[in-house]
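final_32.txt follows (compact mmCIF, C-alpha atoms and all ligand atoms):
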```
# COMPACT_ATOMS: atom_id res chain seq x y z
CA MET A 25 0.00 0.00 0.00
CA ILE A 26 2.80 2.39 0.99
CA ASN A 27 4.62 1.53 -2.24
CA ALA A 28 1.47 2.29 -4.26
CA VAL A 29 1.20 5.72 -2.61
CA LYS A 30 4.91 6.35 -3.26
CA ILE A 31 4.57 5.36 -6.92
CA ILE A 32 1.55 7.66 -7.35
CA ASN A 33 3.45 10.53 -5.71
CA ASP A 34 6.54 9.89 -7.85
CA LEU A 35 4.39 9.94 -10.99
CA LYS A 36 2.63 13.10 -9.85
CA ASN A 37 5.99 14.77 -9.22
CA LEU A 38 7.25 13.64 -12.62
CA PHE A 39 4.37 15.23 -14.52
CA PHE A 40 3.53 18.06 -12.10
CA PRO A 41 6.78 18.81 -10.28
CA PRO A 42 6.52 21.09 -7.23
CA TYR A 43 7.90 24.61 -7.60
CA CYS A 44 9.90 26.62 -5.08
CA ALA A 45 7.66 29.23 -3.44
CA GLY A 46 10.61 31.65 -3.36
CA CYS A 47 12.13 31.54 -6.87
CA ASN A 48 9.70 29.33 -8.85
CA SER A 49 12.41 26.82 -9.83
CA ILE A 50 11.46 23.14 -10.05
CA LEU A 51 12.14 21.29 -6.80
CA LEU A 52 14.09 18.16 -7.66
CA TYR A 53 14.49 16.85 -4.15
CA ASN A 54 11.83 16.53 -1.52
CA SER A 55 12.45 20.06 -0.24
CA GLU A 56 9.03 21.76 -0.47
CA PRO A 57 8.17 24.58 -0.08
CA LEU A 58 11.60 26.17 -0.77
CA CYS A 59 14.72 25.18 -2.71
CA ILE A 60 17.98 24.99 -0.77
CA LYS A 61 19.15 28.36 -2.11
CA CYS A 62 15.97 30.16 -0.98
CA ARG A 63 16.14 28.48 2.44
CA HIS A 64 19.61 29.93 2.93
CA GLN A 65 18.38 33.36 1.87
CA LEU A 66 15.46 33.50 4.32
CA PRO A 67 15.98 36.55 6.56
CA LEU A 68 15.89 34.88 9.99
CA THR A 69 15.32 37.24 12.93
CA GLY A 70 16.96 35.16 15.67
CA PHE A 71 14.21 36.42 18.03
CA VAL A 72 13.48 33.01 19.55
CA HIS A 73 16.67 33.44 21.60
CA LEU A 74 16.53 37.24 22.09
CA ASN A 75 14.94 39.06 25.05
CA ASP A 76 13.25 42.42 24.37
CA ASN A 77 13.27 41.74 20.63
CA ASN A 78 11.27 43.85 18.15
CA THR A 79 8.21 41.58 18.29
CA GLU A 80 8.07 41.92 22.09
CA LYS A 81 8.55 45.69 21.92
CA ILE A 82 5.36 45.98 19.84
CA PHE A 83 3.33 44.75 22.81
CA PHE A 84 5.05 46.74 25.57
CA GLY A 85 2.42 48.70 27.53
CA ARG A 86 -0.44 47.15 25.56
CA VAL A 87 -0.92 43.61 26.83
CA LYS A 88 1.01 41.52 29.31
CA ILE A 89 2.95 38.72 27.66
CA GLU A 90 5.67 36.34 28.74
CA ASN A 91 7.74 36.17 25.56
CA ALA A 92 7.28 36.74 21.86
CA ALA A 93 9.16 35.92 18.68
CA SER A 94 8.73 36.15 14.93
CA PHE A 95 10.81 33.77 12.84
CA ILE A 96 11.59 35.74 9.66
CA TRP A 97 11.49 39.35 8.48
CA PHE A 98 8.80 40.38 6.04
CA HIS A 99 9.94 42.75 3.28
CA LYS A 100 7.99 43.57 0.13
CA LYS A 101 9.00 41.57 -2.99
CA SER A 102 11.04 39.15 -0.86
CA ILE A 103 11.11 35.36 -0.47
CA THR A 104 9.10 35.85 2.75
CA GLN A 105 6.36 37.75 0.91
CA ARG A 106 6.13 35.06 -1.78
CA LEU A 107 6.10 32.29 0.84
CA ILE A 108 3.30 33.98 2.83
CA HIS A 109 1.38 34.66 -0.40
CA ASP A 110 1.57 30.97 -1.33
CA LEU A 111 0.45 30.03 2.16
CA LYS A 112 -2.48 32.47 2.26
CA TYR A 113 -3.80 32.44 -1.25
CA LYS A 114 -2.53 29.30 -3.01
CA GLY A 115 -3.29 26.69 -0.38
CA ASN A 116 0.40 25.93 0.19
CA GLN A 117 0.05 24.80 3.79
CA LYS A 118 3.41 23.05 3.58
CA ALA A 119 4.89 26.53 3.93
CA GLY A 120 3.30 26.96 7.37
CA ARG A 121 4.30 23.49 8.43
CA PHE A 122 7.88 24.01 7.26
CA ILE A 123 8.35 27.20 9.32
CA GLY A 124 6.49 25.66 12.30
CA ARG A 125 8.86 22.70 12.47
CA TRP A 126 11.95 24.87 12.03
CA MET A 127 10.84 27.45 14.60
CA GLY A 128 9.75 24.70 17.02
CA ALA A 129 13.23 23.14 16.84
CA GLU A 130 14.76 26.53 17.73
CA MET A 131 12.27 27.02 20.59
CA LEU A 132 13.29 23.67 22.08
CA LYS A 133 16.84 25.02 22.36
CA SER A 134 15.69 28.21 24.11
CA ASP A 135 14.84 28.81 27.77
CA ARG A 136 12.34 31.51 26.80
CA PHE A 137 9.58 29.16 25.67
CA LYS A 138 9.73 26.44 28.31
CA GLU A 139 6.60 24.71 29.57
CA ILE A 140 4.14 25.75 26.90
CA ASP A 141 0.87 23.87 27.54
CA MET A 142 -1.08 24.76 24.45
CA VAL A 143 -0.75 26.38 21.02
CA ILE A 144 -3.71 28.43 19.76
CA PRO A 145 -3.81 29.79 16.19
CA VAL A 146 -5.38 33.22 15.60
CA PRO A 147 -8.74 32.20 14.12
CA LEU A 148 -10.36 33.33 10.87
CA SER A 149 -13.99 34.44 10.80
CA LYS A 150 -16.45 31.74 9.72
CA ARG A 151 -17.08 33.55 6.44
CA LYS A 152 -13.38 33.85 5.59
CA LEU A 153 -12.74 30.24 6.59
CA ARG A 154 -15.55 29.16 4.25
CA ASN A 155 -14.12 31.21 1.38
CA ARG A 156 -10.48 30.19 1.84
CA GLY A 157 -11.18 26.64 2.94
CA TYR A 158 -8.46 26.63 5.60
CA ASN A 159 -6.86 28.84 8.23
CA GLN A 160 -3.35 29.68 6.98
CA VAL A 161 -2.02 29.72 10.55
CA SER A 162 -3.29 26.20 11.43
CA GLU A 163 -0.44 24.10 10.05
CA PHE A 164 2.19 26.48 11.45
CA ALA A 165 0.57 26.28 14.90
CA ARG A 166 -0.01 22.52 14.69
CA ALA A 167 3.63 21.86 13.75
CA LEU A 168 4.74 23.99 16.71
CA SER A 169 2.53 22.00 19.09
CA GLU A 170 3.99 18.74 17.77
CA MET A 171 7.55 20.00 18.19
CA LEU A 172 6.84 21.32 21.71
CA SER A 173 4.82 18.19 22.65
CA CYS A 174 1.81 20.18 23.83
CA GLU A 175 -1.88 20.54 23.02
CA TYR A 176 -3.21 22.22 19.88
CA LYS A 177 -6.57 24.00 20.24
CA GLU A 178 -8.34 26.01 17.59
CA ASP A 179 -11.85 26.16 19.04
CA ILE A 180 -11.10 28.28 22.11
CA LEU A 181 -11.30 31.60 20.27
CA SER A 182 -13.53 32.68 17.42
CA ARG A 183 -13.22 35.76 15.25
CA ASN A 184 -16.27 37.94 14.78
CA ASP A 185 -17.36 38.38 11.22
CA SER A 186 -16.75 41.91 9.92
CA SER A 187 -19.95 41.70 7.85
CA THR A 188 -22.15 41.87 10.96
CA SER A 189 -24.62 44.72 11.56
CA GLN A 190 -23.61 48.38 11.32
CA THR A 191 -24.54 48.95 14.98
CA PHE A 192 -22.33 46.07 16.05
CA LYS A 193 -19.54 47.30 13.77
CA SER A 194 -19.63 50.85 15.13
CA ARG A 195 -19.59 49.52 18.68
CA GLN A 196 -16.60 47.32 17.79
CA ILE A 197 -14.70 50.25 16.30
CA ARG A 198 -15.48 52.41 19.35
CA ASN A 199 -14.18 49.73 21.73
CA PHE A 200 -11.37 48.13 19.80
CA GLY A 201 -10.49 50.35 16.83
CA SER A 202 -10.79 48.80 13.39
CA ALA A 203 -8.84 45.65 14.34
CA PRO A 204 -10.75 42.36 14.40
CA VAL A 205 -12.61 41.37 17.55
CA PHE A 206 -12.59 37.92 19.09
CA THR A 207 -14.79 35.92 21.41
CA LEU A 208 -13.49 33.47 23.98
CA ASN A 209 -15.62 30.33 23.64
CA SER A 210 -14.30 28.56 26.69
CA ASP A 211 -11.91 29.45 29.50
CA LEU A 212 -12.13 26.01 31.08
CA TYR A 213 -8.77 24.53 32.02
CA LEU A 214 -6.82 27.68 31.11
CA SER A 215 -6.10 28.90 34.64
CA GLY A 216 -2.46 28.33 35.57
CA LYS A 217 -1.50 27.42 32.00
CA HIS A 218 1.05 28.90 29.61
CA ILE A 219 -0.46 29.33 26.15
CA LEU A 220 1.23 30.23 22.88
CA VAL A 221 -0.86 32.29 20.45
CA ALA A 222 0.32 31.94 16.84
CA ASP A 223 -0.21 34.22 13.83
CA ASP A 224 1.21 34.54 10.31
CA VAL A 225 2.49 38.14 10.00
CA ILE A 226 2.67 40.80 12.72
CA THR A 227 2.53 44.39 11.50
CA THR A 228 0.90 46.68 14.11
CA GLY A 229 0.11 43.93 16.62
CA ALA A 230 -3.54 45.06 16.88
CA THR A 231 -4.96 41.66 15.92
CA LEU A 232 -2.94 39.78 18.53
CA GLU A 233 -3.57 42.49 21.12
CA ASN A 234 -7.33 42.03 20.77
CA CYS A 235 -6.91 38.26 20.84
CA ILE A 236 -4.91 38.34 24.06
CA LYS A 237 -7.31 40.75 25.79
CA GLN A 238 -9.87 37.95 25.72
CA PHE A 239 -7.77 36.01 28.21
CA SER A 240 -7.07 38.86 30.64
CA HIS A 241 -9.62 37.75 33.29
CA ILE A 242 -8.17 34.24 33.65
CA PRO A 243 -6.12 33.85 36.84
CA ASN A 244 -2.47 32.80 36.58
CA LEU A 245 -2.58 32.43 32.82
CA ARG A 246 0.65 33.18 30.99
CA VAL A 247 0.54 34.12 27.33
CA SER A 248 3.37 34.05 24.78
CA ILE A 249 3.21 35.01 21.11
CA VAL A 250 4.81 33.66 17.94
CA SER A 251 4.47 34.58 14.30
CA ILE A 252 5.96 33.35 11.08
CA ALA A 253 7.03 36.87 10.10
CA LEU A 254 7.38 40.44 11.36
CA THR A 255 6.95 43.39 9.00
CA ALA A 256 10.29 45.18 8.81
ZN ZN B 301 14.03 28.88 -4.59
```

When written as structure tokens, how does the structure in this file appear?
Ligand SMILES: [Zn+2]
Amino acid sequence: MINAVKIINDLKNLFFPPYCAGCNSILLYNSEPLCIKCRHQLPLTGFVHLNDNNTEKIFFGRVKIENAASFIWFHKKSITQRLIHDLKYKGNQKAGRFIGRWMGAEMLKSDRFKEIDMVIPVPLSKRKLRNRGYNQVSEFARALSEMLSCEYKEDILSRNDSSTSQTFKSRQIRNFGSAPVFTLNSDLYLSGKHILVADDVITTGATLENCIKQFSHIPNLRVSIVSIALTA
């Protein structure tokens, strides 16, 4: 059975070879989503091992967090932008998984992300999830949870749909600005835990800030943040 699957995959790769998400070259070896050259060119931040890094500074004075890290820098017209574009709009979830495994391996070497109990991806609204068919953060967050040997939970938070009533929208904007608003579906079992909230790209931090505010009433809960990329 395994051989049959392998033969089918080999044939598929022969006729429809995978392309590098960074430079569009054909991937000859099993190296999806990036060729070796593009992997070496990824602008790593090194933040997993760095206190007071730029991702953490974004949240200073806004929400209380334990630690935060983004794995790569996001510049326009870069390998990172093409990788994130493939992940978000072309269904290339291998890109999220690839960064999740790599970042998870780095986190295991660091003292800053010890004793994480649970990884939670920033959710999409129901409407967006229906349209896209998947949450682009899911595979990144799931790979992290596997590497860190902890739980993966995506039903704890939900994201309110921006197409809701005008009254609701104006109230949202008054209370939270124009950033998305979230609802905590269950705070059972969270007291005393250390959770890791994962997103794809951090720019202003407003999305994650609103996410984390949902947990502020839970006693002894520690929250850390990770993202695939940080806008430079
Ligand atoms: Zn490449």

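Comparing A:Gly115, A:Pro57, A:Pro204, A:Pro41 by their smallest distance to ligand ZN 301 (chain B), the closest is A:Pro57 (using only C-alpha atoms and all ligand atoms).
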
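Here CA of Val143 in chain A is placed at a distance of 28.8 Å from CA of Ile60 in chain A.
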
Would you mind listing, for every residue of chain A within 6 Å of ligand ZN 301 (chain B), the two atoms forming the shortest contact and the distance between them in Å to one decimal, using only C-alpha atoms and all ligand atoms, sorted by chain and ascending residue number, as JSON lines?
```
{"residue": "A:Cys44", "atom": "CA", "partner": "B:ZN301", "partner_atom": "ZN", "distance": 4.7}
{"residue": "A:Gly46", "atom": "CA", "partner": "B:ZN301", "partner_atom": "ZN", "distance": 4.6}
{"residue": "A:Cys47", "atom": "CA", "partner": "B:ZN301", "partner_atom": "ZN", "distance": 4.0}
{"residue": "A:Ser49", "atom": "CA", "partner": "B:ZN301", "partner_atom": "ZN", "distance": 5.9}
{"residue": "A:Leu58", "atom": "CA", "partner": "B:ZN301", "partner_atom": "ZN", "distance": 5.3}
{"residue": "A:Cys59", "atom": "CA", "partner": "B:ZN301", "partner_atom": "ZN", "distance": 4.2}
{"residue": "A:Lys61", "atom": "CA", "partner": "B:ZN301", "partner_atom": "ZN", "distance": 5.7}
{"residue": "A:Cys62", "atom": "CA", "partner": "B:ZN301", "partner_atom": "ZN", "distance": 4.3}
```

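With distances taken over all atoms listed in the file, A:Pro145 is the one residue among A:Pro243, A:Phe206, A:Lys150, A:Pro145 lying closest to Tyr176 in chain A.
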
Excluding range 162-175 of chain A and any residue of its chain fewer than 3 positions from it, enumerate the residues within 9 Å of it, using only C-alpha atoms, and give them as a PyMOL selection string.
-> chain A and resi 117-129+131-132+138-147+158-159+178+220-224+251-252

Surrounding residues of Asn91 in chain A excluding itself and chain neighbours under 2 positions, 8 Å, only C-alpha atoms, as an MDAnalysis selection string | chainID A and resid 75 80 89 93 136:137 247:249

re CA of Ser149 in chain A and CA of Ala256 in chain A: distance 26.6 Å

Fewer than 4 positions away in the same chain doesn't count, so skip those; otherwise give me all residues within 9 Å of Asp211 in chain A, counting all atoms listed in the file, as a list in words.
-> Ile180, Ser215, Phe239 and Ile242 of chain A

Grab the residues selected above and save them as an mmCIF file, in the coordinates of the input with C-alpha atoms.
```cif
data_model
loop_
_atom_site.group_PDB
_atom_site.id
_atom_site.type_symbol
_atom_site.label_atom_id
_atom_site.label_comp_id
_atom_site.auth_asym_id
_atom_site.auth_seq_id
_atom_site.Cartn_x
_atom_site.Cartn_y
_atom_site.Cartn_z
ATOM 1 C CA ILE A 180 -11.100 28.280 22.110
ATOM 2 C CA SER A 215 -6.100 28.900 34.640
ATOM 3 C CA PHE A 239 -7.770 36.010 28.210
ATOM 4 C CA ILE A 242 -8.170 34.240 33.650
#
```

Would you please work out which residue, of A:Gln105, A:Arg183, A:Val87, A:Lys177, is nearest to Lys237 in chain A when using all atoms listed in the file?
-> A:Val87

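Nearest residue to Leu181 in chain A among A:Asn244, A:Gln238, A:Asn77, A:Ser94 is A:Gln238, counting all atoms listed in the file.
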
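Closest to Arg246 in chain A among A:Ala230, A:Ile50, A:Leu214, A:Val225 is A:Leu214, based on all atoms listed in the file.
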
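The shell of residues at most 6 Å from Phe98 in chain A, with all atoms listed in the file counted and near chain neighbours (fewer than 5 positions) removed, consists of Thr104, Ala253, Leu254, Thr255 and Ala256 of chain A.
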
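Relative to CA of Arg86 in chain A, CA of Asn234 in chain A is found at 9.8 Å.
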
For Asn37 in chain A, list every protein, DNA or RNA residue within 12 Å, evaluated using all atoms listed in the file, and leave out those in the same chain fewer than 3 positions away; present the list as a PyMOL selection string.
-> chain A and resi 30-34+40-43+50-54+56

Residue selection dump (C-alpha atoms) as a short mmCIF file (atom, residue, chain, number, x, y, z; two decimals), in the coordinates of the input:
```
data_model
loop_
_atom_site.label_atom_id
_atom_site.label_comp_id
_atom_site.auth_asym_id
_atom_site.auth_seq_id
_atom_site.Cartn_x
_atom_site.Cartn_y
_atom_site.Cartn_z
CA LYS A 30 4.91 6.35 -3.26
CA ILE A 31 4.57 5.36 -6.92
CA ILE A 32 1.55 7.66 -7.35
CA ASN A 33 3.45 10.53 -5.71
CA ASP A 34 6.54 9.89 -7.85
CA PHE A 40 3.53 18.06 -12.10
CA PRO A 41 6.78 18.81 -10.28
CA PRO A 42 6.52 21.09 -7.23
CA TYR A 43 7.90 24.61 -7.60
CA ILE A 50 11.46 23.14 -10.05
CA LEU A 51 12.14 21.29 -6.80
CA LEU A 52 14.09 18.16 -7.66
CA TYR A 53 14.49 16.85 -4.15
CA ASN A 54 11.83 16.53 -1.52
CA GLU A 56 9.03 21.76 -0.47
#
```

Restricting the calculation to all atoms listed in the file, which member of A:Val29, A:Thr207, A:Lys101, A:Asp110 is positioned closest to Leu148 in chain A?
-> A:Thr207

How about completing range 208-237 of chain A with N, CA and C atoms and giving it to me as a PDB file, keeping the file's coordinate frame?
```pdb
ATOM      1  N   LEU A 208     -14.032  34.652  23.316  1.00  0.00           N
ATOM      2  CA  LEU A 208     -13.490  33.470  23.980  1.00  0.00           C
ATOM      3  C   LEU A 208     -14.634  32.479  24.174  1.00  0.00           C
ATOM      4  N   ASN A 209     -14.527  31.305  23.572  1.00  0.00           N
ATOM      5  CA  ASN A 209     -15.620  30.330  23.640  1.00  0.00           C
ATOM      6  C   ASN A 209     -15.598  29.516  24.921  1.00  0.00           C
ATOM      7  N   SER A 210     -14.402  29.340  25.467  1.00  0.00           N
ATOM      8  CA  SER A 210     -14.300  28.560  26.690  1.00  0.00           C
ATOM      9  C   SER A 210     -13.024  28.921  27.430  1.00  0.00           C
ATOM     10  N   ASP A 211     -13.152  29.205  28.750  1.00  0.00           N
ATOM     11  CA  ASP A 211     -11.910  29.450  29.500  1.00  0.00           C
ATOM     12  C   ASP A 211     -11.637  28.303  30.467  1.00  0.00           C
ATOM     13  N   LEU A 212     -12.349  27.198  30.253  1.00  0.00           N
ATOM     14  CA  LEU A 212     -12.130  26.010  31.080  1.00  0.00           C
ATOM     15  C   LEU A 212     -10.687  25.565  30.943  1.00  0.00           C
ATOM     16  N   TYR A 213     -10.108  25.129  31.987  1.00  0.00           N
ATOM     17  CA  TYR A 213      -8.770  24.530  32.020  1.00  0.00           C
ATOM     18  C   TYR A 213      -7.624  25.500  31.722  1.00  0.00           C
ATOM     19  N   LEU A 214      -7.914  26.784  31.492  1.00  0.00           N
ATOM     20  CA  LEU A 214      -6.820  27.680  31.110  1.00  0.00           C
ATOM     21  C   LEU A 214      -6.071  28.273  32.307  1.00  0.00           C
ATOM     22  N   SER A 215      -6.731  28.321  33.460  1.00  0.00           N
ATOM     23  CA  SER A 215      -6.100  28.900  34.640  1.00  0.00           C
ATOM     24  C   SER A 215      -4.810  28.150  34.986  1.00  0.00           C
ATOM     25  N   GLY A 216      -3.734  28.929  35.204  1.00  0.00           N
ATOM     26  CA  GLY A 216      -2.460  28.330  35.570  1.00  0.00           C
ATOM     27  C   GLY A 216      -1.639  27.821  34.391  1.00  0.00           C
ATOM     28  N   LYS A 217      -2.194  27.954  33.180  1.00  0.00           N
ATOM     29  CA  LYS A 217      -1.500  27.420  32.000  1.00  0.00           C
ATOM     30  C   LYS A 217      -0.592  28.473  31.349  1.00  0.00           C
ATOM     31  N   HIS A 218       0.246  28.003  30.448  1.00  0.00           N
ATOM     32  CA  HIS A 218       1.050  28.900  29.610  1.00  0.00           C
ATOM     33  C   HIS A 218       0.669  28.608  28.152  1.00  0.00           C
ATOM     34  N   ILE A 219      -0.004  29.561  27.529  1.00  0.00           N
ATOM     35  CA  ILE A 219      -0.460  29.330  26.150  1.00  0.00           C
ATOM     36  C   ILE A 219       0.410  30.117  25.165  1.00  0.00           C
ATOM     37  N   LEU A 220       0.454  29.591  23.945  1.00  0.00           N
ATOM     38  CA  LEU A 220       1.230  30.230  22.880  1.00  0.00           C
ATOM     39  C   LEU A 220       0.256  30.578  21.755  1.00  0.00           C
ATOM     40  N   VAL A 221       0.066  31.869  21.511  1.00  0.00           N
ATOM     41  CA  VAL A 221      -0.860  32.290  20.450  1.00  0.00           C
ATOM     42  C   VAL A 221      -0.052  32.541  19.183  1.00  0.00           C
ATOM     43  N   ALA A 222      -0.479  31.914  18.070  1.00  0.00           N
ATOM     44  CA  ALA A 222       0.320  31.940  16.840  1.00  0.00           C
ATOM     45  C   ALA A 222      -0.401  32.680  15.721  1.00  0.00           C
ATOM     46  N   ASP A 223       0.360  33.499  14.975  1.00  0.00           N
ATOM     47  CA  ASP A 223      -0.210  34.220  13.830  1.00  0.00           C
ATOM     48  C   ASP A 223       0.755  34.125  12.642  1.00  0.00           C
ATOM     49  N   ASP A 224       0.314  34.609  11.474  1.00  0.00           N
ATOM     50  CA  ASP A 224       1.210  34.540  10.310  1.00  0.00           C
ATOM     51  C   ASP A 224       2.162  35.738  10.262  1.00  0.00           C
ATOM     52  N   VAL A 225       1.618  36.955  10.081  1.00  0.00           N
ATOM     53  CA  VAL A 225       2.490  38.140  10.000  1.00  0.00           C
ATOM     54  C   VAL A 225       2.039  39.166  11.030  1.00  0.00           C
ATOM     55  N   ILE A 226       2.975  39.709  11.788  1.00  0.00           N
ATOM     56  CA  ILE A 226       2.670  40.800  12.720  1.00  0.00           C
ATOM     57  C   ILE A 226       3.109  42.111  12.081  1.00  0.00           C
ATOM     58  N   THR A 227       2.177  43.068  12.030  1.00  0.00           N
ATOM     59  CA  THR A 227       2.530  44.390  11.500  1.00  0.00           C
ATOM     60  C   THR A 227       2.365  45.429  12.610  1.00  0.00           C
ATOM     61  N   THR A 228       1.112  45.719  13.017  1.00  0.00           N
ATOM     62  CA  THR A 228       0.900  46.680  14.110  1.00  0.00           C
ATOM     63  C   THR A 228       0.703  45.965  15.444  1.00  0.00           C
ATOM     64  N   GLY A 229       0.371  44.694  15.400  1.00  0.00           N
ATOM     65  CA  GLY A 229       0.110  43.930  16.620  1.00  0.00           C
ATOM     66  C   GLY A 229      -1.328  44.041  17.112  1.00  0.00           C
ATOM     67  N   ALA A 230      -2.168  44.816  16.400  1.00  0.00           N
ATOM     68  CA  ALA A 230      -3.540  45.060  16.880  1.00  0.00           C
ATOM     69  C   ALA A 230      -4.375  43.778  16.931  1.00  0.00           C
ATOM     70  N   THR A 231      -4.198  42.909  15.942  1.00  0.00           N
ATOM     71  CA  THR A 231      -4.960  41.660  15.920  1.00  0.00           C
ATOM     72  C   THR A 231      -4.631  40.809  17.147  1.00  0.00           C
ATOM     73  N   LEU A 232      -3.346  40.607  17.382  1.00  0.00           N
ATOM     74  CA  LEU A 232      -2.940  39.780  18.530  1.00  0.00           C
ATOM     75  C   LEU A 232      -3.300  40.451  19.853  1.00  0.00           C
ATOM     76  N   GLU A 233      -3.209  41.771  19.898  1.00  0.00           N
ATOM     77  CA  GLU A 233      -3.570  42.490  21.120  1.00  0.00           C
ATOM     78  C   GLU A 233      -5.029  42.205  21.487  1.00  0.00           C
ATOM     79  N   ASN A 234      -5.914  42.297  20.495  1.00  0.00           N
ATOM     80  CA  ASN A 234      -7.330  42.030  20.770  1.00  0.00           C
ATOM     81  C   ASN A 234      -7.570  40.570  21.134  1.00  0.00           C
ATOM     82  N   CYS A 235      -6.832  39.692  20.508  1.00  0.00           N
ATOM     83  CA  CYS A 235      -6.910  38.260  20.840  1.00  0.00           C
ATOM     84  C   CYS A 235      -6.568  38.045  22.320  1.00  0.00           C
ATOM     85  N   ILE A 236      -5.444  38.612  22.723  1.00  0.00           N
ATOM     86  CA  ILE A 236      -4.910  38.340  24.060  1.00  0.00           C
ATOM     87  C   ILE A 236      -5.779  38.985  25.149  1.00  0.00           C
ATOM     88  N   LYS A 237      -6.418  40.103  24.814  1.00  0.00           N
ATOM     89  CA  LYS A 237      -7.310  40.750  25.790  1.00  0.00           C
ATOM     90  C   LYS A 237      -8.443  39.819  26.223  1.00  0.00           C
TER      91      LYS A 237
END
```
